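Coordinates from upload.cif are shown below (mmCIF, C-alpha atoms and all ligand atoms).
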```cif
data_coords
#
loop_
_atom_site.label_atom_id
_atom_site.label_comp_id
_atom_site.auth_asym_id
_atom_site.auth_seq_id
_atom_site.Cartn_x
_atom_site.Cartn_y
_atom_site.Cartn_z
CA MET N 1 31.89 -3.53 -13.53
CA GLU N 2 34.33 -0.87 -14.66
CA CYS N 3 32.79 2.38 -15.82
CA PHE N 4 33.32 3.34 -19.43
CA PHE N 5 33.07 6.32 -21.80
CA ASN N 6 29.50 6.46 -23.11
CA THR N 7 28.94 6.89 -26.82
CA ALA N 8 25.32 5.74 -27.05
CA GLY N 9 22.43 7.71 -25.62
CA PRO N 10 22.02 9.57 -22.34
CA ASN N 11 24.67 9.11 -19.68
CA ILE N 12 24.06 6.68 -16.85
CA PRO N 13 26.21 7.86 -13.92
CA GLU N 14 26.51 4.34 -12.44
CA ASP N 15 27.91 2.98 -15.70
CA ASN N 16 29.58 5.90 -17.42
CA TYR N 17 32.24 8.44 -16.63
CA THR N 18 30.05 11.46 -16.01
CA ILE N 19 30.17 15.17 -15.46
CA ASP N 20 27.31 15.88 -13.05
CA PRO N 21 24.58 17.03 -15.47
CA LEU N 22 23.19 19.50 -12.93
CA THR N 23 26.48 21.44 -13.06
CA ARG N 24 26.32 21.82 -16.85
CA PHE N 25 23.76 24.60 -16.89
CA ASP N 26 22.78 27.33 -14.49
CA LEU N 27 20.51 25.40 -12.14
CA ASP N 28 19.46 28.59 -10.35
CA ASP N 29 18.35 30.17 -13.63
CA ILE N 30 16.22 27.16 -14.48
CA LEU N 31 14.74 26.94 -10.99
CA THR N 32 13.85 30.62 -11.21
CA LEU N 33 12.11 30.12 -14.55
CA ILE N 34 10.22 27.20 -13.04
CA ARG N 35 9.24 29.21 -9.97
CA GLN N 36 7.98 31.93 -12.30
CA LYS N 37 5.84 29.32 -14.09
CA ARG N 38 7.57 30.00 -17.38
CA TYR N 39 7.49 27.98 -20.55
CA PHE N 40 10.90 27.86 -22.19
CA VAL N 41 13.22 26.22 -24.67
CA PHE N 42 16.33 24.22 -23.80
CA HIS N 43 18.42 23.55 -26.85
CA ALA N 44 21.80 22.34 -28.10
CA PRO N 45 23.21 20.36 -31.02
CA HIS N 46 22.81 16.59 -31.26
CA GLN N 47 24.55 14.60 -28.55
CA THR N 48 25.47 17.47 -26.30
CA GLY N 49 23.78 16.00 -23.23
CA LYS N 50 20.33 17.57 -23.34
CA THR N 51 18.48 14.39 -22.46
CA SER N 52 21.00 13.51 -19.73
CA CYS N 53 20.43 16.98 -18.23
CA LEU N 54 16.64 16.78 -18.42
CA LEU N 55 16.53 13.36 -16.76
CA ALA N 56 18.79 14.57 -13.95
CA LEU N 57 16.71 17.72 -13.51
CA ARG N 58 13.51 15.69 -13.44
CA ASP N 59 14.89 13.46 -10.69
CA TYR N 60 16.17 16.48 -8.80
CA LEU N 61 12.78 18.23 -8.91
CA ASN N 62 10.86 15.11 -7.95
CA ALA N 63 13.22 14.49 -5.03
CA LYS N 64 12.82 18.08 -3.80
CA GLY N 65 9.10 17.51 -3.81
CA ASP N 66 7.60 20.92 -4.67
CA TYR N 67 6.49 19.74 -8.09
CA ILE N 68 5.73 16.63 -10.04
CA CYS N 69 8.01 16.53 -13.04
CA VAL N 70 7.39 14.33 -16.06
CA TYR N 71 9.82 13.81 -18.93
CA ALA N 72 8.45 12.73 -22.31
CA ASN N 73 10.29 12.16 -25.55
CA VAL N 74 7.92 13.06 -28.39
CA GLU N 75 10.14 11.52 -31.03
CA GLY N 76 7.57 8.71 -31.34
CA GLY N 77 5.55 11.11 -33.46
CA GLN N 78 8.34 11.31 -36.01
CA ALA N 79 7.23 8.30 -38.04
CA SER N 80 3.93 10.04 -38.72
CA ARG N 81 5.41 13.51 -38.79
CA ASN N 82 2.64 15.17 -40.68
CA ASN N 83 -0.34 13.16 -39.51
CA VAL N 84 -1.65 15.40 -36.74
CA GLU N 85 -3.88 12.75 -35.21
CA ASN N 86 -1.08 10.20 -34.89
CA VAL N 87 1.26 12.74 -33.39
CA ILE N 88 -1.25 13.93 -30.79
CA VAL N 89 -2.21 10.37 -29.84
CA SER N 90 1.39 9.25 -29.58
CA THR N 91 2.39 12.34 -27.58
CA ILE N 92 -0.41 11.68 -25.07
CA ASP N 93 0.55 7.99 -24.86
CA THR N 94 4.14 8.88 -24.14
CA ILE N 95 3.22 11.35 -21.41
CA VAL N 96 0.89 8.75 -19.84
CA ARG N 97 3.61 6.11 -19.86
CA GLU N 98 6.20 8.43 -18.35
CA ALA N 99 3.81 9.91 -15.79
CA ARG N 100 3.01 6.44 -14.52
CA LEU N 101 6.66 5.96 -13.63
CA ILE N 102 6.53 9.04 -11.42
CA ILE N 103 3.00 8.98 -10.04
CA LYS N 104 2.18 5.45 -9.03
CA ASP N 105 -1.23 6.05 -7.43
CA ILE N 106 -3.05 7.97 -10.13
CA ASP N 107 -5.17 6.20 -12.69
CA MET N 108 -3.61 7.53 -15.87
CA ARG N 109 -5.72 5.29 -18.03
CA ALA N 110 -8.90 6.87 -16.69
CA ILE N 111 -7.53 10.30 -17.50
CA ARG N 112 -6.68 9.20 -20.99
CA ASP N 113 -10.04 7.52 -21.51
CA VAL N 114 -11.97 10.61 -20.51
CA ILE N 115 -10.38 12.66 -23.23
CA GLN N 116 -10.78 9.97 -25.88
CA ARG N 117 -13.89 11.68 -27.21
CA GLU N 118 -12.25 15.08 -27.62
CA GLY N 119 -11.44 16.30 -31.11
CA ILE N 120 -7.81 16.08 -32.10
CA ASP N 121 -7.38 19.85 -31.97
CA SER N 122 -8.13 19.97 -28.27
CA ARG N 123 -7.26 16.49 -27.10
CA LEU N 124 -3.75 17.23 -25.90
CA SER N 125 -4.75 20.39 -24.06
CA SER N 126 -7.73 18.65 -22.41
CA PHE N 127 -5.47 15.81 -21.41
CA LEU N 128 -2.91 18.16 -19.85
CA SER N 129 -5.70 20.00 -17.99
CA ARG N 130 -7.12 16.79 -16.58
CA LEU N 131 -3.72 15.51 -15.64
CA SER N 132 -2.71 18.74 -13.91
CA GLU N 133 -6.00 18.93 -12.01
CA SER N 134 -5.67 15.38 -10.74
CA LEU N 135 -2.21 15.93 -9.25
CA PRO N 136 -1.54 17.10 -5.70
CA LYS N 137 1.31 19.38 -6.85
CA PRO N 138 2.00 21.58 -9.88
CA LEU N 139 3.10 19.65 -12.95
CA ILE N 140 6.36 20.38 -14.77
CA LEU N 141 6.49 18.84 -18.22
CA PHE N 142 9.63 18.27 -20.30
CA LEU N 143 8.99 17.59 -23.99
CA ASP N 144 12.21 16.26 -25.49
CA GLU N 145 13.03 16.00 -29.23
CA ILE N 146 10.40 18.59 -30.01
CA ASP N 147 11.92 19.27 -33.40
CA ALA N 148 11.30 15.68 -34.46
CA LEU N 149 7.80 17.08 -35.11
CA VAL N 150 7.20 19.18 -38.18
CA GLY N 151 4.57 21.25 -39.96
CA ASP N 152 0.95 20.94 -38.92
CA SER N 153 1.74 18.41 -36.19
CA LEU N 154 4.20 20.71 -34.49
CA VAL N 155 1.79 23.59 -34.91
CA SER N 156 -1.00 21.58 -33.30
CA VAL N 157 1.16 20.59 -30.32
CA LEU N 158 2.35 24.16 -29.77
CA ARG N 159 -1.14 25.64 -30.18
CA GLN N 160 -2.59 23.22 -27.68
CA ILE N 161 0.13 24.10 -25.21
CA ARG N 162 -0.58 27.77 -25.71
CA ALA N 163 -4.31 27.18 -25.31
CA GLY N 164 -3.97 26.12 -21.69
CA TYR N 165 -1.14 28.44 -20.68
CA ALA N 166 -3.42 30.91 -18.89
CA ASN N 167 -4.87 28.13 -16.70
CA ARG N 168 -1.57 27.08 -15.17
CA PRO N 169 -0.66 25.94 -12.56
CA LYS N 170 -3.98 24.50 -11.31
CA SER N 171 -5.37 23.29 -14.61
CA PHE N 172 -2.32 23.13 -16.82
CA PRO N 173 1.39 22.36 -16.45
CA SER N 174 3.03 25.07 -14.38
CA SER N 175 6.10 24.98 -16.62
CA ILE N 176 6.77 23.31 -19.93
CA VAL N 177 10.29 22.90 -21.27
CA LEU N 178 10.64 22.26 -25.00
CA CYS N 179 13.91 20.56 -25.77
CA GLY N 180 15.50 20.17 -29.17
CA VAL N 181 18.27 21.32 -31.46
CA ARG N 182 16.70 24.55 -32.67
CA ASP N 183 16.28 27.75 -30.78
CA VAL N 184 12.78 29.04 -30.25
CA ARG N 185 12.93 31.42 -33.19
CA ASP N 186 12.50 28.55 -35.62
CA TYR N 187 9.16 27.60 -34.17
CA ARG N 188 7.98 30.18 -36.64
CA ILE N 189 6.52 27.48 -38.73
CA VAL N 190 5.58 27.16 -42.32
CA GLN N 191 2.44 25.08 -42.53
CA SER N 192 2.07 22.49 -45.25
CA ASN N 193 0.04 24.97 -47.33
CA GLN N 194 3.01 27.38 -47.06
CA ASP N 195 1.13 29.84 -44.84
CA ILE N 196 3.24 31.24 -42.09
CA ILE N 197 1.49 31.14 -38.77
CA THR N 198 0.24 34.60 -37.95
CA GLY N 199 2.03 36.47 -35.23
CA GLY N 200 5.31 34.93 -36.30
CA SER N 201 5.54 32.13 -33.83
CA ALA N 202 3.19 29.26 -33.07
CA PHE N 203 4.74 29.16 -29.65
CA ASN N 204 3.39 32.57 -28.98
CA ILE N 205 4.35 32.72 -25.38
CA LYS N 206 7.13 35.02 -24.40
CA ALA N 207 9.70 32.34 -23.92
CA GLU N 208 13.28 32.23 -22.79
CA SER N 209 15.67 29.95 -24.52
CA LEU N 210 18.66 28.39 -22.85
CA ARG N 211 21.48 26.76 -24.73
CA LEU N 212 23.47 23.91 -23.25
CA GLY N 213 27.17 24.41 -23.93
CA ASN N 214 30.06 22.03 -24.53
CA PHE N 215 32.50 20.74 -21.93
CA SER N 216 35.21 23.08 -20.73
CA LYS N 217 38.88 22.03 -20.71
CA GLU N 218 38.53 21.34 -16.99
CA GLU N 219 35.50 19.12 -17.53
CA ILE N 220 37.34 17.10 -20.20
CA HIS N 221 40.23 16.65 -17.83
CA GLU N 222 37.91 15.60 -15.01
CA LEU N 223 36.12 13.07 -17.25
CA TYR N 224 39.39 11.44 -18.33
CA MET N 225 40.71 11.49 -14.77
CA GLN N 226 37.71 9.41 -13.74
CA HIS N 227 39.13 6.72 -16.01
CA THR N 228 42.61 7.12 -14.55
CA ARG N 229 41.28 6.95 -11.00
CA GLU N 230 39.24 3.87 -11.73
CA THR N 231 41.76 1.88 -13.77
CA GLY N 232 45.14 3.40 -13.04
CA GLN N 233 45.69 4.05 -16.74
CA VAL N 234 47.56 7.31 -17.30
CA PHE N 235 47.06 9.93 -20.02
CA GLU N 236 50.22 11.86 -20.76
CA GLU N 237 49.56 15.52 -20.05
CA GLU N 238 50.28 16.45 -23.70
CA CYS N 239 47.17 14.52 -24.73
CA PHE N 240 44.84 17.16 -23.34
CA PRO N 241 45.57 20.08 -25.68
CA MET N 242 45.07 17.63 -28.55
CA ILE N 243 41.75 16.39 -27.21
CA TRP N 244 40.67 20.01 -26.89
CA GLU N 245 41.71 20.84 -30.47
CA ALA N 246 39.94 17.80 -31.83
CA THR N 247 36.66 18.24 -29.96
CA GLU N 248 36.51 21.72 -28.41
CA GLY N 249 34.49 20.00 -25.72
CA GLN N 250 31.71 18.55 -27.89
CA PRO N 251 30.51 15.94 -25.37
CA TRP N 252 29.98 13.00 -27.70
CA LEU N 253 33.32 13.55 -29.43
CA VAL N 254 35.09 13.79 -26.08
CA ASN N 255 33.63 10.44 -25.01
CA ALA N 256 34.22 8.83 -28.39
CA LEU N 257 37.92 9.72 -28.27
CA GLY N 258 38.16 8.35 -24.73
CA GLN N 259 36.41 5.14 -25.67
CA GLU N 260 38.51 4.72 -28.79
CA VAL N 261 41.83 5.19 -27.05
CA THR N 262 41.07 3.13 -23.91
CA TYR N 263 38.99 0.34 -25.40
CA GLU N 264 38.66 0.13 -29.18
CA MET N 265 42.45 0.13 -29.43
CA LYS N 266 42.67 -3.36 -28.00
CA GLU N 267 46.32 -3.17 -26.95
CA ASN N 268 45.36 -0.28 -24.64
CA ARG N 269 42.98 -2.44 -22.63
CA ASP N 270 46.16 -3.32 -20.78
CA ARG N 271 45.89 -0.52 -18.21
CA SER N 272 49.64 -0.31 -17.71
CA VAL N 273 49.89 1.20 -21.21
CA ARG N 274 50.27 4.98 -20.99
CA ILE N 275 48.11 6.92 -23.42
CA THR N 276 50.24 9.13 -25.65
CA PRO N 277 49.40 12.03 -28.01
CA GLU N 278 50.16 9.78 -30.96
CA MET N 279 47.42 7.41 -29.83
CA ILE N 280 44.98 10.31 -29.51
CA TYR N 281 45.82 11.28 -33.07
CA ARG N 282 45.14 7.77 -34.33
CA ALA N 283 41.90 7.58 -32.35
CA GLN N 284 40.71 10.80 -33.94
CA GLU N 285 41.38 9.47 -37.44
CA GLN N 286 39.61 6.25 -36.58
CA ILE N 287 36.49 8.08 -35.39
CA ILE N 288 36.32 10.04 -38.62
CA TYR N 289 36.87 6.91 -40.67
CA ARG N 290 34.28 4.80 -38.87
CA ARG N 291 31.42 7.25 -39.39
CA ASP N 292 29.34 6.57 -36.30
CA THR N 293 25.82 8.02 -36.25
CA HIS N 294 27.12 11.30 -34.90
CA ILE N 295 29.43 11.76 -37.89
CA ASP N 296 26.81 10.45 -40.30
CA ILE N 297 24.24 13.01 -39.15
CA LEU N 298 26.86 15.70 -39.67
CA ILE N 299 27.63 14.56 -43.21
CA ASP N 300 23.92 14.33 -43.99
CA LYS N 301 23.41 17.89 -42.79
CA LEU N 302 26.10 19.10 -45.18
CA LYS N 303 23.89 18.00 -48.06
CA GLU N 304 21.04 20.34 -47.11
CA PRO N 305 21.14 23.27 -49.56
CA ARG N 306 20.84 25.86 -46.81
CA VAL N 307 23.74 24.34 -44.88
CA LYS N 308 25.82 23.86 -48.01
CA ARG N 309 25.50 27.53 -48.94
CA VAL N 310 26.71 28.70 -45.56
CA ILE N 311 29.66 26.32 -45.40
CA GLU N 312 30.70 27.09 -48.97
CA ALA N 313 30.66 30.78 -48.22
CA LEU N 314 32.80 30.17 -45.17
CA LEU N 315 35.27 27.98 -47.01
CA PHE N 316 35.53 29.85 -50.28
CA GLN N 317 34.63 33.48 -49.58
CA ARG N 318 36.10 33.73 -46.15
CA ASN N 319 37.77 37.06 -46.80
CA ASN N 320 34.72 38.76 -48.12
CA PRO N 321 31.80 38.14 -45.74
CA THR N 322 29.87 41.13 -47.06
CA ALA N 323 29.51 39.32 -50.39
CA TRP N 324 27.87 36.35 -48.71
CA SER N 325 24.25 37.46 -49.09
CA ILE N 326 23.19 34.61 -46.89
CA PRO N 327 20.14 35.03 -44.64
CA ARG N 328 21.07 35.40 -40.98
CA ASP N 329 18.57 32.62 -40.23
CA ASP N 330 20.54 30.12 -42.31
CA ILE N 331 23.72 30.90 -40.42
CA GLU N 332 21.89 30.53 -37.10
CA TYR N 333 20.57 27.20 -38.32
CA VAL N 334 24.05 25.84 -38.96
CA ILE N 335 25.20 27.18 -35.58
CA ASP N 336 22.25 25.51 -33.83
CA TYR N 337 23.28 22.21 -35.39
CA GLY N 338 26.73 22.69 -33.92
CA LEU N 339 28.70 22.66 -37.18
CA LEU N 340 29.80 26.26 -36.82
CA THR N 341 30.62 28.34 -33.79
CA LYS N 342 30.30 32.07 -33.36
CA GLU N 343 31.90 33.64 -30.35
CA ILE N 344 31.47 37.31 -29.56
CA GLY N 345 34.15 39.37 -31.28
CA LYS N 346 35.49 36.42 -33.25
CA ASP N 347 34.95 35.10 -36.75
CA LEU N 348 32.50 32.38 -37.57
CA ARG N 349 34.38 29.09 -37.73
CA ILE N 350 33.98 25.33 -37.94
CA SER N 351 33.42 24.09 -34.41
CA ASN N 352 36.34 21.69 -33.91
CA SER N 353 39.11 20.04 -35.87
CA ILE N 354 37.31 16.71 -36.28
CA TYR N 355 34.41 18.50 -37.96
CA ARG N 356 36.88 20.58 -39.96
CA GLU N 357 38.55 17.50 -41.34
CA ILE N 358 35.21 15.95 -42.29
CA ILE N 359 33.86 19.14 -43.86
CA ASN N 360 37.05 19.76 -45.85
CA ALA N 361 36.94 16.21 -47.17
CA GLU N 362 33.27 16.52 -48.16
CA PHE N 363 33.77 19.81 -49.98
CA ALA N 364 36.95 18.72 -51.72
CA ARG N 365 35.02 16.09 -53.65
N1 LIG N 401 26.87 14.44 -18.08
C1 LIG N 401 27.63 13.88 -19.01
N2 LIG N 401 28.88 13.45 -18.74
C2 LIG N 401 29.65 12.89 -19.70
N3 LIG N 401 29.24 12.72 -20.97
C3 LIG N 401 28.01 13.12 -21.32
C4 LIG N 401 27.14 13.71 -20.36
N4 LIG N 401 25.98 14.00 -20.97
C5 LIG N 401 26.11 13.63 -22.25
N5 LIG N 401 27.32 13.08 -22.48
C6 LIG N 401 27.80 12.58 -23.79
O1 LIG N 401 26.91 13.06 -24.78
C7 LIG N 401 26.23 11.99 -25.43
C8 LIG N 401 24.80 12.36 -25.72
O2 LIG N 401 24.05 12.53 -24.52
P1 LIG N 401 22.48 12.84 -24.59
O3 LIG N 401 22.05 13.23 -23.23
O4 LIG N 401 21.77 11.73 -25.27
O5 LIG N 401 22.53 14.14 -25.53
P2 LIG N 401 21.40 14.82 -26.44
O6 LIG N 401 20.08 14.58 -25.77
O7 LIG N 401 21.81 16.27 -26.46
O8 LIG N 401 21.49 14.20 -27.80
C9 LIG N 401 26.39 10.80 -24.51
O9 LIG N 401 26.35 9.58 -25.26
C10 LIG N 401 27.77 11.07 -23.92
O10 LIG N 401 28.77 10.71 -24.87
MG MG N 402 18.40 13.63 -26.52
#
```
So, in terms of structure tokens, how does the structure I just supplied come out?
Amino acid sequence: MECFFNTAGPNIPEDNYTIDPLTRFDLDDILTLIRQKRYFVFHAPHQTGKTSCLLALRDYLNAKGDYICVYANVEGGQASRNNVENVIVSTIDTIVREARLIIKDIDMRAIRDVIQREGIDSRLSSFLSRLSESLPKPLILFLDEIDALVGDSLVSVLRQIRAGYANRPKSFPSSIVLCGVRDVRDYRIVQSNQDIITGGSAFNIKAESLRLGNFSKEEIHELYMQHTRETGQVFEEECFPMIWEATEGQPWLVNALGQEVTYEMKENRDRSVRITPEMIYRAQEQIIYRRDTHIDILIDKLKEPRVKRVIEALLFQRNNPTAWSIPRDDIEYVIDYGLLTKEIGKDLRISNSIYREIINAEFAR
């Protein structure tokens, strides 16, 4: 089957045009952190390629063979966000399920059963101890979608991770990577009774945080050229500055434009049709109009008071940033979600022209 531009979930290199995920971050930096047995945060806005990168890194580490690496998506706990017991149980279940895929000859069920009697406040840490001790190599654990957890549940997970930290690598995961949208600083958590966890951060381990960036112009070109090489369909060179303007490399947007212009526009399924800038323009409008999940999440975010305040300040008080009186944290929050971009020495701005069009429309209402 022909490959295609992926707009749903992590990239599958056999099926989708793909930029090698291992080239999208500094692999040496991450390997160094792992060698140093560090716990750290890997973060980026929605649909930037975090999960695709983690899965590729997991496979890379397991193939190299120095560690056993397990990926677990803790999003399952989201339905019961504030029920600590449900979150801990579902997190353990997910790790068991994923570990079984990697380690065929270890009786995960036995490990889980042993810790069944533990109280909920120590069950996850006991489980991770048991699991680490039963493995022939140090365990590396990736916890994806960590910010799907909130309040007391998130606090419990982070505390239990911290509890075993000193016992790594023999009796606890050698490295743990927390992956989500937010940077580590927001793991300073307000509990449901409004108390702020003492010491500022529940993840009270001196942690690095790495941010996954967007595609470069070269990467966009390479991704689209994969389509040209496979199908013979040509993009006129003038398309590329437009694709850059529209997306500034946001990976989902880049793929969505490609998919729109090579597939959703049915007449372009005829691969002898050359793709022109005018088609790119129409594709961009179509993506905005259709409101896929990616766009929907963005519009939803704009309704949050803290986001609204920042965007309004940017739109309506642009020339007078000193009058903003907006907490730095709120601005960082909107940047973490990818709506705004701040480059060193440049003004804060909306991240790309697709977002700009959506935001302007929302605030013009
Ligand atoms: N390596 C890649 N090459 C090309 N496109 C990618 C790649 N990784 C991610 N994408 C694009 O980003 C989207 C989201 O990928 P995913 O890994 O699920 O991101 P996240 O976990 O950050 O939400 C994919 O549907 C695809 O459009
Ligand atoms: Mg993901």
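A distance cut-off of 7 Å from ligand LIG 401 (chain N), applied to all atoms listed in the file, picks out the residues Phe5, Asn6, Thr7, Ala8, Gly9, Pro10, Asn11, Tyr17, Thr18, Ile19, Asp20, Pro21, Ala44, Pro45, His46, Gln47, Thr48, Gly49, Lys50, Thr51, Ser52, Cys53, Leu223, Pro251, Trp252, Asn255 and Ala256 of chain N.
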Export of prior selection with C-alpha atoms as a short mmCIF file (atom, residue, chain, number, x, y, z; two decimals), keeping the file's coordinate frame:
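Saved to out05.cif:
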```cif
data_model
loop_
_atom_site.label_atom_id
_atom_site.label_comp_id
_atom_site.auth_asym_id
_atom_site.auth_seq_id
_atom_site.Cartn_x
_atom_site.Cartn_y
_atom_site.Cartn_z
CA PHE N 5 33.07 6.32 -21.80
CA ASN N 6 29.50 6.46 -23.11
CA THR N 7 28.94 6.89 -26.82
CA ALA N 8 25.32 5.74 -27.05
CA GLY N 9 22.43 7.71 -25.62
CA PRO N 10 22.02 9.57 -22.34
CA ASN N 11 24.67 9.11 -19.68
CA TYR N 17 32.24 8.44 -16.63
CA THR N 18 30.05 11.46 -16.01
CA ILE N 19 30.17 15.17 -15.46
CA ASP N 20 27.31 15.88 -13.05
CA PRO N 21 24.58 17.03 -15.47
CA ALA N 44 21.80 22.34 -28.10
CA PRO N 45 23.21 20.36 -31.02
CA HIS N 46 22.81 16.59 -31.26
CA GLN N 47 24.55 14.60 -28.55
CA THR N 48 25.47 17.47 -26.30
CA GLY N 49 23.78 16.00 -23.23
CA LYS N 50 20.33 17.57 -23.34
CA THR N 51 18.48 14.39 -22.46
CA SER N 52 21.00 13.51 -19.73
CA CYS N 53 20.43 16.98 -18.23
CA LEU N 223 36.12 13.07 -17.25
CA PRO N 251 30.51 15.94 -25.37
CA TRP N 252 29.98 13.00 -27.70
CA ASN N 255 33.63 10.44 -25.01
CA ALA N 256 34.22 8.83 -28.39
#
```
Distance query stretch 129-142 of chain N at most 7 Å, only C-alpha atoms, self and fewer than 4 positions along chain excluded, as an mmCIF file with C-alpha atoms, keeping the file's coordinate frame:
```cif
data_model
loop_
_atom_site.group_PDB
_atom_site.id
_atom_site.type_symbol
_atom_site.label_atom_id
_atom_site.label_comp_id
_atom_site.auth_asym_id
_atom_site.auth_seq_id
_atom_site.Cartn_x
_atom_site.Cartn_y
_atom_site.Cartn_z
ATOM 1 C CA ASP N 66 7.600 20.920 -4.670
ATOM 2 C CA TYR N 67 6.490 19.740 -8.090
ATOM 3 C CA ILE N 68 5.730 16.630 -10.040
ATOM 4 C CA CYS N 69 8.010 16.530 -13.040
ATOM 5 C CA VAL N 70 7.390 14.330 -16.060
ATOM 6 C CA TYR N 71 9.820 13.810 -18.930
ATOM 7 C CA ALA N 72 8.450 12.730 -22.310
ATOM 8 C CA ILE N 111 -7.530 10.300 -17.500
ATOM 9 C CA SER N 125 -4.750 20.390 -24.060
ATOM 10 C CA PRO N 169 -0.660 25.940 -12.560
ATOM 11 C CA LYS N 170 -3.980 24.500 -11.310
ATOM 12 C CA SER N 171 -5.370 23.290 -14.610
ATOM 13 C CA PHE N 172 -2.320 23.130 -16.820
ATOM 14 C CA PRO N 173 1.390 22.360 -16.450
ATOM 15 C CA SER N 174 3.030 25.070 -14.380
ATOM 16 C CA SER N 175 6.100 24.980 -16.620
ATOM 17 C CA ILE N 176 6.770 23.310 -19.930
ATOM 18 C CA VAL N 177 10.290 22.900 -21.270
ATOM 19 C CA LEU N 178 10.640 22.260 -25.000
#
```
Open item on the list: With all atoms listed in the file as the counted atoms, please give the residues lying no more than 8 Å from N:Arg349, apart from itself and same-chain residues fewer than 4 positions off, as a PyMOL selection string.
Closed with: chain N and resi 314+340-342
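Comparing the minimum interatomic distances between ligand MG 402 (chain N) and each of N:Glu2, N:Asp336, N:Glu230, N:Asp144, counting all atoms listed in the file, we find that N:Asp144 sits nearest.
Compared by their closest atoms to N:Val234, and using all atoms listed in the file, the residues N:Arg162, N:Arg274, N:Arg309, N:Arg269 rank with N:Arg274 nearest.
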Task: Contact residues around N:Phe235 with all atoms listed in the file at 12 Å, ignoring same-chain residues under 6 positions, as a VMD selection string - done: chain N and resid 221 to 229 241 to 243 258 261 to 262 268 271 to 280
Quick one: write out the picked residues with C-alpha atoms as a PDB file, keeping the file's coordinate frame?
```
ATOM      1  CA  HIS N 221      40.230  16.650 -17.830  1.00  0.00           C
ATOM      2  CA  GLU N 222      37.910  15.600 -15.010  1.00  0.00           C
ATOM      3  CA  LEU N 223      36.120  13.070 -17.250  1.00  0.00           C
ATOM      4  CA  TYR N 224      39.390  11.440 -18.330  1.00  0.00           C
ATOM      5  CA  MET N 225      40.710  11.490 -14.770  1.00  0.00           C
ATOM      6  CA  GLN N 226      37.710   9.410 -13.740  1.00  0.00           C
ATOM      7  CA  HIS N 227      39.130   6.720 -16.010  1.00  0.00           C
ATOM      8  CA  THR N 228      42.610   7.120 -14.550  1.00  0.00           C
ATOM      9  CA  ARG N 229      41.280   6.950 -11.000  1.00  0.00           C
ATOM     10  CA  PRO N 241      45.570  20.080 -25.680  1.00  0.00           C
ATOM     11  CA  MET N 242      45.070  17.630 -28.550  1.00  0.00           C
ATOM     12  CA  ILE N 243      41.750  16.390 -27.210  1.00  0.00           C
ATOM     13  CA  GLY N 258      38.160   8.350 -24.730  1.00  0.00           C
ATOM     14  CA  VAL N 261      41.830   5.190 -27.050  1.00  0.00           C
ATOM     15  CA  THR N 262      41.070   3.130 -23.910  1.00  0.00           C
ATOM     16  CA  ASN N 268      45.360  -0.280 -24.640  1.00  0.00           C
ATOM     17  CA  ARG N 271      45.890  -0.520 -18.210  1.00  0.00           C
ATOM     18  CA  SER N 272      49.640  -0.310 -17.710  1.00  0.00           C
ATOM     19  CA  VAL N 273      49.890   1.200 -21.210  1.00  0.00           C
ATOM     20  CA  ARG N 274      50.270   4.980 -20.990  1.00  0.00           C
ATOM     21  CA  ILE N 275      48.110   6.920 -23.420  1.00  0.00           C
ATOM     22  CA  THR N 276      50.240   9.130 -25.650  1.00  0.00           C
ATOM     23  CA  PRO N 277      49.400  12.030 -28.010  1.00  0.00           C
ATOM     24  CA  GLU N 278      50.160   9.780 -30.960  1.00  0.00           C
ATOM     25  CA  MET N 279      47.420   7.410 -29.830  1.00  0.00           C
ATOM     26  CA  ILE N 280      44.980  10.310 -29.510  1.00  0.00           C
TER      27      ILE N 280
END
```
Taking all atoms of stretch 306-312 of chain N that appear in the file, build a box with edges along x, y and z, extend it by 6 Å on every side, and state its centre and edge lengths in Å to one decimal, as JSON.
```
{"center_x": 25.8, "center_y": 26.3, "center_z": -46.9, "size_x": 21.9, "size_y": 16.8, "size_z": 16.1}
```
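Residue nearest ligand MG 402 (chain N) within the list N:Arg365, N:Arg290, N:Lys266, N:His43: N:His43 [criterion: smallest interatomic distance, all atoms listed in the file].
Take the candidates N:Glu248, N:Asp300, N:Glu357, N:Glu236 and check each one against N:Glu285 using all atoms listed in the file; the shortest distance goes to N:Glu357.
Distance-wise, atom CA of N:Ile350 and atom CA of N:Val307 end up 12.4 Å apart.
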Radius query 6 Å about (3.4, 7.6, -32.2), atoms used: only C-alpha atoms, as a PDB file with C-alpha atoms, keeping the file's coordinate frame:
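Listing of out03.pdb after writing:
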```
ATOM      1  CA  GLY N  76       7.570   8.710 -31.340  1.00  0.00           C
ATOM      2  CA  GLY N  77       5.550  11.110 -33.460  1.00  0.00           C
ATOM      3  CA  ASN N  86      -1.080  10.200 -34.890  1.00  0.00           C
ATOM      4  CA  VAL N  87       1.260  12.740 -33.390  1.00  0.00           C
ATOM      5  CA  SER N  90       1.390   9.250 -29.580  1.00  0.00           C
TER       6      SER N  90
END
```
Open item on the list: Would you compute the distance between atom CA of N:Lys308 and atom CA of N:Leu257? Give it in Å to one decimal.
Closed with: 27.1 Å
- [ ] Work out how far atom CA of N:Gly119 is from atom CA of N:Asp147, in Å to one decimal.
- [x] 23.7 Å
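For the choices N:Ile297, N:Leu54, N:Met1, N:Ile102, the atom-to-atom distance to ligand MG 402 (chain N) is smallest for N:Leu54 when using only C-alpha atoms and all ligand atoms.
Closest to ligand MG 402 (chain N) among N:Asp29, N:Glu75, N:Glu218, N:Asp15 is N:Glu75, based on all atoms listed in the file.
By all atoms listed in the file, and with residues fewer than 2 positions from N:Asp26 along its chain excluded, the set lying at most 12 Å from it is Pro21, Leu22, Thr23, Arg24, Asp28, Asp29, Ile30, Leu31, Thr32, Leu33, Phe42, Cys53, Leu57, Leu210, Arg211, Leu212 and Gly213 of chain N.
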